[in-house]
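Colleague: Provided below: model.cif, containing mmCIF, C-alpha atoms.
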```cif
data_my_file
#
loop_
_atom_site.label_atom_id
_atom_site.label_comp_id
_atom_site.auth_asym_id
_atom_site.auth_seq_id
_atom_site.Cartn_x
_atom_site.Cartn_y
_atom_site.Cartn_z
CA MET V 9 9.32 -26.18 -15.00
CA LYS V 10 5.54 -26.34 -15.31
CA ALA V 11 5.49 -29.92 -14.05
CA ARG V 12 7.23 -28.80 -10.85
CA PHE V 13 4.32 -26.52 -9.87
CA PHE V 14 1.52 -28.86 -10.97
CA PRO V 15 1.09 -30.59 -7.52
CA LEU V 16 0.80 -27.18 -5.83
CA ALA V 17 -1.82 -26.04 -8.30
CA LEU V 18 -3.78 -29.28 -7.82
CA LEU V 19 -3.71 -28.92 -4.00
CA ALA V 20 -4.87 -25.30 -4.23
CA GLY V 21 -7.77 -26.33 -6.44
CA VAL V 22 -8.89 -29.02 -3.98
CA LEU V 23 -8.75 -26.62 -1.00
CA TRP V 24 -10.69 -23.94 -2.92
CA SER V 25 -13.49 -26.35 -3.80
CA CYS V 26 -13.93 -27.37 -0.15
CA GLN V 27 -13.94 -23.90 1.40
CA SER V 28 -17.73 -23.73 1.84
CA TYR V 29 -17.94 -26.83 4.06
CA THR V 30 -16.94 -27.03 7.70
CA LEU V 31 -17.70 -30.01 9.95
CA ARG V 32 -19.10 -28.45 13.15
CA THR V 33 -20.61 -31.31 15.12
CA SER V 34 -22.56 -34.51 14.79
CA VAL V 35 -26.30 -34.51 15.45
CA SER V 36 -28.41 -37.46 16.60
CA TRP V 37 -32.18 -37.58 16.28
CA VAL V 38 -34.71 -39.98 17.71
CA VAL V 39 -36.89 -41.23 14.89
CA SER V 40 -40.05 -43.22 15.47
CA SER V 41 -40.65 -46.28 13.30
CA ASN V 42 -43.63 -44.58 11.66
CA ASP V 43 -41.50 -41.64 10.56
CA VAL V 44 -38.79 -43.65 8.81
CA VAL V 45 -38.96 -43.67 5.05
CA GLU V 46 -38.09 -46.97 3.43
CA ASP V 47 -35.07 -47.01 1.12
CA ALA V 48 -34.18 -43.40 1.94
CA ASP V 49 -31.20 -42.02 0.07
CA LEU V 50 -28.75 -41.17 2.84
CA SER V 51 -25.68 -41.03 0.62
CA GLU V 52 -23.05 -38.36 1.10
CA GLU V 53 -24.52 -36.45 -1.83
CA ALA V 54 -28.12 -36.41 -0.55
CA ALA V 55 -27.71 -36.33 3.24
CA PRO V 56 -26.82 -32.61 3.59
CA ALA V 57 -30.11 -31.65 1.95
CA LEU V 58 -31.99 -33.48 4.71
CA LEU V 59 -30.81 -30.77 7.09
CA VAL V 60 -32.47 -28.03 5.05
CA ASP V 61 -36.12 -27.04 5.23
CA ASN V 62 -37.91 -24.73 2.79
CA ALA V 63 -38.58 -22.18 5.57
CA GLY V 64 -35.00 -22.16 6.91
CA GLY V 65 -34.13 -25.59 8.20
CA LEU V 66 -31.90 -27.26 10.73
CA TRP V 67 -28.66 -26.22 9.06
CA LYS V 68 -29.60 -22.53 9.13
CA GLN V 69 -31.18 -22.86 12.58
CA ALA V 70 -28.09 -24.50 14.09
CA TYR V 71 -25.51 -22.38 12.32
CA PRO V 72 -26.79 -19.02 11.06
CA SER V 73 -24.75 -17.51 8.23
CA SER V 74 -23.65 -14.66 10.50
CA ASP V 75 -22.02 -17.16 12.89
CA VAL V 76 -20.27 -19.43 10.40
CA PRO V 77 -17.55 -17.99 8.16
CA GLY V 78 -18.11 -18.79 4.53
CA ASP V 79 -21.74 -19.82 4.92
CA GLY V 80 -23.05 -16.73 3.16
CA ALA V 81 -22.41 -18.17 -0.29
CA VAL V 82 -24.18 -21.49 -0.81
CA SER V 83 -25.69 -23.85 1.75
CA PRO V 84 -25.29 -27.64 1.40
CA GLY V 85 -28.98 -27.94 0.60
CA GLU V 86 -28.63 -25.60 -2.37
CA ARG V 87 -25.93 -27.80 -3.83
CA VAL V 88 -28.15 -30.89 -3.95
CA GLU V 89 -31.30 -30.66 -6.05
CA PRO V 90 -32.77 -34.10 -6.90
CA GLU V 91 -35.08 -33.95 -9.87
CA ASP V 92 -37.89 -35.91 -8.22
CA GLY V 93 -37.94 -33.81 -5.02
CA SER V 94 -37.58 -36.94 -2.87
CA VAL V 95 -35.15 -35.32 -0.43
CA ALA V 96 -37.47 -32.39 0.22
CA GLN V 97 -40.31 -34.80 0.98
CA LEU V 98 -38.10 -36.90 3.23
CA SER V 99 -36.78 -33.93 5.22
CA SER V 100 -40.26 -33.03 6.47
CA ARG V 101 -40.86 -36.54 7.83
CA LEU V 102 -37.47 -37.73 9.01
CA PHE V 103 -37.17 -35.90 12.33
CA SER V 104 -39.49 -36.27 15.29
CA TYR V 105 -39.31 -32.65 16.51
CA ARG V 106 -40.95 -29.75 14.70
CA LEU V 107 -39.23 -26.40 14.19
CA GLU V 108 -42.02 -24.17 15.52
CA LYS V 109 -39.84 -22.74 18.29
CA ALA V 110 -37.56 -21.02 15.79
CA GLU V 111 -40.30 -18.43 15.25
CA LYS V 112 -40.80 -17.44 18.89
CA SER V 113 -39.77 -14.03 20.18
CA GLY V 114 -36.78 -13.47 22.44
CA PRO V 115 -36.85 -13.44 26.25
CA PRO V 116 -38.28 -10.49 28.21
CA PRO V 117 -35.98 -7.90 29.84
CA HIS V 118 -34.25 -9.49 32.84
CA GLN V 119 -35.80 -6.92 35.21
CA GLU V 120 -39.24 -8.43 34.51
CA THR V 121 -38.61 -11.47 36.66
CA ALA V 122 -42.16 -12.86 36.82
CA ARG V 123 -42.56 -12.56 33.06
CA THR V 124 -39.14 -14.15 32.51
CA ALA V 125 -40.13 -17.09 34.71
CA ARG V 126 -43.34 -17.59 32.73
CA TYR V 127 -41.43 -17.24 29.46
CA ILE V 128 -38.99 -20.01 30.42
CA ALA V 129 -41.73 -22.26 31.78
CA HIS V 130 -43.81 -21.89 28.61
CA ASN V 131 -41.02 -22.23 26.07
CA SER V 132 -39.31 -25.22 27.67
CA ASP V 133 -40.20 -28.59 26.21
CA TRP V 134 -38.41 -30.54 28.94
CA GLY V 135 -36.93 -30.11 32.37
CA HIS V 136 -34.95 -31.84 35.12
CA LEU V 137 -37.15 -33.17 37.94
CA ALA V 138 -35.49 -33.89 41.29
CA THR V 139 -37.14 -36.20 43.84
CA ILE V 140 -36.18 -37.99 47.05
CA SER V 141 -35.23 -41.48 45.93
CA THR V 142 -36.78 -44.74 47.07
CA GLN V 143 -34.16 -46.86 45.27
CA ASP V 144 -32.36 -49.20 47.67
CA LYS V 145 -28.81 -47.95 47.12
CA ILE V 146 -29.68 -44.24 47.25
CA LYS V 147 -32.78 -44.27 49.44
CA GLY V 148 -33.40 -40.84 50.92
CA LEU V 149 -30.96 -39.13 48.55
CA PRO V 150 -31.78 -36.76 45.67
CA PHE V 151 -32.47 -38.35 42.29
CA GLY V 152 -32.84 -36.41 39.05
CA ASN V 153 -34.66 -37.37 35.86
CA ILE V 154 -35.57 -35.70 32.57
CA PHE V 155 -39.25 -35.20 31.68
CA SER V 156 -41.08 -33.69 28.75
CA VAL V 157 -43.41 -30.96 30.00
CA SER V 158 -45.94 -28.36 28.90
CA ASP V 159 -47.76 -25.48 30.56
CA GLY V 160 -50.27 -25.38 27.71
CA PRO V 161 -50.43 -25.20 23.91
CA LEU V 162 -48.10 -22.74 22.21
CA ASP V 163 -50.76 -20.02 22.16
CA ASN V 164 -52.11 -20.67 25.67
CA SER V 165 -49.71 -20.47 28.60
CA THR V 166 -51.07 -21.28 32.05
CA GLY V 167 -47.90 -21.43 34.17
CA VAL V 168 -49.07 -24.83 35.47
CA ILE V 169 -46.61 -27.56 34.46
CA TYR V 170 -48.11 -30.81 33.17
CA PHE V 171 -46.42 -34.20 32.85
CA TYR V 172 -47.25 -37.49 31.13
CA VAL V 173 -45.75 -40.32 33.17
CA THR V 174 -45.80 -44.07 33.74
CA PRO V 175 -45.82 -46.01 37.04
CA MET V 176 -42.86 -47.95 35.64
CA ASP V 177 -40.64 -44.85 36.10
CA TYR V 178 -38.42 -44.69 39.20
CA THR V 179 -39.40 -41.04 39.67
CA VAL V 180 -43.09 -41.91 39.90
CA SER V 181 -42.23 -44.46 42.60
CA ASP V 182 -40.41 -41.70 44.46
CA LEU V 183 -43.42 -39.39 44.19
CA LYS V 184 -45.70 -42.04 45.72
CA SER V 185 -43.50 -41.94 48.80
CA ASP V 186 -42.92 -38.17 48.84
CA PRO V 187 -44.83 -36.08 46.26
CA HIS V 188 -42.60 -33.01 46.64
CA ALA V 189 -40.18 -32.26 43.83
CA SER V 190 -38.17 -29.52 42.13
CA LEU V 191 -38.25 -28.93 38.39
CA THR V 192 -35.39 -27.00 36.78
CA PHE V 193 -35.34 -25.35 33.35
CA SER V 194 -32.44 -23.64 31.60
CA GLU V 195 -32.62 -20.98 28.94
CA ALA V 196 -29.73 -22.87 27.35
CA GLU V 197 -32.35 -25.22 25.88
CA GLY V 198 -33.24 -22.57 23.30
CA GLU V 199 -31.22 -20.40 20.95
CA PHE V 200 -30.75 -17.26 23.09
CA CYS V 201 -27.73 -18.29 25.20
CA ARG V 202 -25.91 -19.74 22.21
CA GLN V 203 -26.49 -16.62 20.17
CA MET V 204 -25.25 -14.44 23.04
CA VAL V 205 -22.31 -16.82 23.66
CA TYR V 206 -23.44 -17.36 27.28
CA ASP V 207 -22.27 -20.50 29.03
CA PRO V 208 -25.19 -22.44 30.59
CA GLU V 209 -23.81 -21.55 34.04
CA ASP V 210 -23.57 -17.85 33.21
CA PRO V 211 -26.20 -16.04 35.36
CA ARG V 212 -27.35 -14.19 32.24
CA CYS V 213 -28.39 -17.55 30.76
CA ALA V 214 -31.48 -17.77 32.94
CA ARG V 215 -32.41 -20.81 34.97
CA LEU V 216 -35.73 -21.42 36.68
CA THR V 217 -36.52 -23.89 39.46
CA LEU V 218 -40.12 -24.62 40.38
CA THR V 219 -40.68 -26.47 43.64
CA GLY V 220 -44.00 -27.97 44.59
CA LYS V 221 -46.19 -30.98 45.11
CA MET V 222 -46.80 -33.42 42.26
CA VAL V 223 -50.43 -34.53 41.97
CA GLU V 224 -52.43 -36.56 39.49
CA VAL V 225 -54.57 -34.43 37.21
CA ALA V 226 -58.27 -34.50 38.17
CA SER V 227 -60.83 -35.84 35.70
CA GLU V 228 -62.30 -32.41 34.92
CA GLU V 229 -58.83 -31.16 33.93
CA LEU V 230 -57.75 -34.18 31.85
CA GLY V 231 -58.94 -32.70 28.56
CA PHE V 232 -56.72 -29.65 28.87
CA ALA V 233 -53.76 -31.65 30.20
CA LYS V 234 -53.96 -33.94 27.18
CA GLN V 235 -54.16 -30.99 24.80
CA ALA V 236 -51.25 -29.28 26.53
CA MET V 237 -48.96 -32.31 26.35
CA PHE V 238 -49.93 -33.84 23.01
CA SER V 239 -49.91 -30.52 21.13
CA ARG V 240 -46.30 -29.97 22.20
CA HIS V 241 -45.22 -33.64 22.15
CA PRO V 242 -47.39 -35.36 19.50
CA VAL V 243 -45.34 -38.56 19.57
CA MET V 244 -46.73 -39.23 23.08
CA ALA V 245 -50.08 -40.19 21.57
CA LYS V 246 -48.37 -43.27 20.09
CA TRP V 247 -46.65 -44.47 23.24
CA PRO V 248 -47.64 -48.02 24.34
CA VAL V 249 -50.83 -48.10 26.41
CA GLY V 250 -49.49 -51.07 28.34
CA HIS V 251 -47.26 -48.69 30.29
CA LYS V 252 -50.39 -47.17 31.86
CA TRP V 253 -49.49 -43.55 31.18
CA PHE V 254 -51.28 -40.86 33.17
CA PHE V 255 -51.13 -37.08 33.63
CA MET V 256 -49.63 -35.23 36.56
CA LYS V 257 -49.06 -31.57 37.35
CA MET V 258 -47.07 -29.57 39.87
CA GLU V 259 -48.84 -27.50 42.51
CA LEU V 260 -46.32 -24.74 43.09
CA ILE V 261 -44.82 -23.80 46.44
CA GLN V 262 -41.85 -21.68 45.30
CA VAL V 263 -40.63 -20.02 42.08
CA TRP V 264 -36.85 -19.49 42.06
CA LEU V 265 -35.19 -17.58 39.22
CA GLN V 266 -31.69 -16.45 38.34
CA ASP V 267 -31.60 -14.39 35.16
CA TRP V 268 -28.86 -11.83 35.81
CA ILE V 269 -25.64 -11.19 37.71
CA GLY V 270 -25.96 -10.26 41.36
CA GLY V 271 -28.47 -12.57 43.01
CA VAL V 272 -31.63 -14.58 42.58
CA SER V 273 -35.35 -13.80 42.69
CA LEU V 274 -38.02 -15.57 44.70
CA ILE V 275 -41.15 -14.67 42.77
CA PRO V 276 -44.48 -14.57 44.62
CA LEU V 277 -46.92 -17.09 43.18
CA GLU V 278 -49.49 -14.36 42.59
CA ASP V 279 -47.03 -12.39 40.45
CA TYR V 280 -45.99 -15.53 38.59
CA PHE V 281 -49.55 -16.44 37.59
CA LYS V 282 -50.47 -12.86 36.71
CA ALA V 283 -47.52 -12.49 34.32
CA THR V 284 -47.63 -13.47 30.66
CA PRO V 285 -44.80 -14.98 28.60
CA PHE V 286 -45.95 -13.36 25.35
#
```
Now, as a test, write the supplied structure out as structure tokens.

Modeller:
Amino acid sequence: MKARFFPLALLAGVLWSCQSYTLRTSVSWVVSSNDVVEDADLSEEAAPALLVDNAGGLWKQAYPSSDVPGDGAVSPGERVEPEDGSVAQLSSRLFSYRLEKAEKSGPPPHQETARTARYIAHNSDWGHLATISTQDKIKGLPFGNIFSVSDGPLDNSTGVIYFYVTPMDYTVSDLKSDPHASLTFSEAEGEFCRQMVYDPEDPRCARLTLTGKMVEVASEELGFAKQAMFSRHPVMAKWPVGHKWFFMKMELIQVWLQDWIGGVSLIPLEDYFKATPF
């Protein structure tokens, strides 16, 4: 009689031991050659700990315990504790992006449209730049491209969007023909919309489009442009000089914002530059 129930007991034991783990998604990271650690232990036993940082790492940032059933007990990182601390050392060097943004405050009230626009512009690390194409097959048609951006170091927002570009990029060729462009940001880049369960197209998940003229940064402004970009995107300092990188910025013509249901806001430039994202 006991033998008859043994398979059921064994299955129940296996399911109980796995209850703390749920496969949510796969994550890919761009890793520079300088950041890769030779002979890293990426086995199934050690890999989960790479997602955990001492201050609340990627696992907790991506899936807070309040959002994931069963996560309140023990995180994967707590289950793996190598004696030599090699995983902890590796986790701080493996990924190219820092976790500074996890500490920023939430967005301003949606009624404060100028401040919301500055908040999105300052806290966005990248945006979608649309130009009029010069490519043969789509000449004269819109062409979109992703660019890393910065309006200043984390503690110094200017509202002016800086870029670090190469003449080898199709978008730069477009800008030589017509320097006007539109740059779009989405609040979906950060944590707010996910936490509120807002779809990226939900009007409450704010989106900001800046339209203006793209110009090369003048010599007297190069120091700040370099600080603005490299402090937010430090890997740029290692990009190959043979690509002839240079700094550009957008001289604004229009600030378009949708951050709530019921319409959009065209924010006067004076109000935009007077506002603060902090």

Colleague: For Tyr172 of chain V, find every residue with an atom within 12 Å (counting only C-alpha atoms), except residues of its own chain fewer than 3 positions away, and show them as a PDB file with C-alpha atoms, keeping the file's coordinate frame.

Modeller:
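Saved as part_11.pdb:
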```
ATOM      1  CA  TRP V 134     -38.410 -30.540  28.940  1.00  0.00           C
ATOM      2  CA  ILE V 154     -35.570 -35.700  32.570  1.00  0.00           C
ATOM      3  CA  PHE V 155     -39.250 -35.200  31.680  1.00  0.00           C
ATOM      4  CA  SER V 156     -41.080 -33.690  28.750  1.00  0.00           C
ATOM      5  CA  VAL V 157     -43.410 -30.960  30.000  1.00  0.00           C
ATOM      6  CA  SER V 158     -45.940 -28.360  28.900  1.00  0.00           C
ATOM      7  CA  ILE V 169     -46.610 -27.560  34.460  1.00  0.00           C
ATOM      8  CA  PRO V 175     -45.820 -46.010  37.040  1.00  0.00           C
ATOM      9  CA  ASP V 177     -40.640 -44.850  36.100  1.00  0.00           C
ATOM     10  CA  VAL V 180     -43.090 -41.910  39.900  1.00  0.00           C
ATOM     11  CA  MET V 222     -46.800 -33.420  42.260  1.00  0.00           C
ATOM     12  CA  VAL V 223     -50.430 -34.530  41.970  1.00  0.00           C
ATOM     13  CA  GLU V 224     -52.430 -36.560  39.490  1.00  0.00           C
ATOM     14  CA  VAL V 225     -54.570 -34.430  37.210  1.00  0.00           C
ATOM     15  CA  LEU V 230     -57.750 -34.180  31.850  1.00  0.00           C
ATOM     16  CA  ALA V 233     -53.760 -31.650  30.200  1.00  0.00           C
ATOM     17  CA  LYS V 234     -53.960 -33.940  27.180  1.00  0.00           C
ATOM     18  CA  GLN V 235     -54.160 -30.990  24.800  1.00  0.00           C
ATOM     19  CA  ALA V 236     -51.250 -29.280  26.530  1.00  0.00           C
ATOM     20  CA  MET V 237     -48.960 -32.310  26.350  1.00  0.00           C
ATOM     21  CA  PHE V 238     -49.930 -33.840  23.010  1.00  0.00           C
ATOM     22  CA  ARG V 240     -46.300 -29.970  22.200  1.00  0.00           C
ATOM     23  CA  HIS V 241     -45.220 -33.640  22.150  1.00  0.00           C
ATOM     24  CA  PRO V 242     -47.390 -35.360  19.500  1.00  0.00           C
ATOM     25  CA  VAL V 243     -45.340 -38.560  19.570  1.00  0.00           C
ATOM     26  CA  MET V 244     -46.730 -39.230  23.080  1.00  0.00           C
ATOM     27  CA  ALA V 245     -50.080 -40.190  21.570  1.00  0.00           C
ATOM     28  CA  TRP V 247     -46.650 -44.470  23.240  1.00  0.00           C
ATOM     29  CA  HIS V 251     -47.260 -48.690  30.290  1.00  0.00           C
ATOM     30  CA  LYS V 252     -50.390 -47.170  31.860  1.00  0.00           C
ATOM     31  CA  TRP V 253     -49.490 -43.550  31.180  1.00  0.00           C
ATOM     32  CA  PHE V 254     -51.280 -40.860  33.170  1.00  0.00           C
ATOM     33  CA  PHE V 255     -51.130 -37.080  33.630  1.00  0.00           C
ATOM     34  CA  MET V 256     -49.630 -35.230  36.560  1.00  0.00           C
ATOM     35  CA  LYS V 257     -49.060 -31.570  37.350  1.00  0.00           C
ATOM     36  CA  MET V 258     -47.070 -29.570  39.870  1.00  0.00           C
TER      37      MET V 258
END
```

Colleague: Just to confirm, what's the straight-line distance from atom CA of His188 of chain V to atom CA of Phe171 of chain V in Å (one decimal)?

Modeller: 14.4 Å

Colleague: I'd like the interatomic distance between atom CA of Arg212 of chain V and atom CA of Asp279 of chain V, to a tenth of an Å.

Modeller: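 If I compute the distance from atom CA of Arg212 of chain V to atom CA of Asp279 of chain V, I get 21.4 Å.
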
Colleague: Please indicate the distance in Å from atom CA of Pro276 of chain V to atom CA of Arg126 of chain V, rounded to one decimal place.

Modeller: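 Separating atom CA of Pro276 of chain V from atom CA of Arg126 of chain V is a distance of 12.3 Å.
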
Colleague: Can you list, as a PyMOL selection string, the residues that the PyMOL selection byres ((chain V and resi 262) around 9) selects here?

Modeller: chain V and resi 217-220+260-261+263-264+274-277
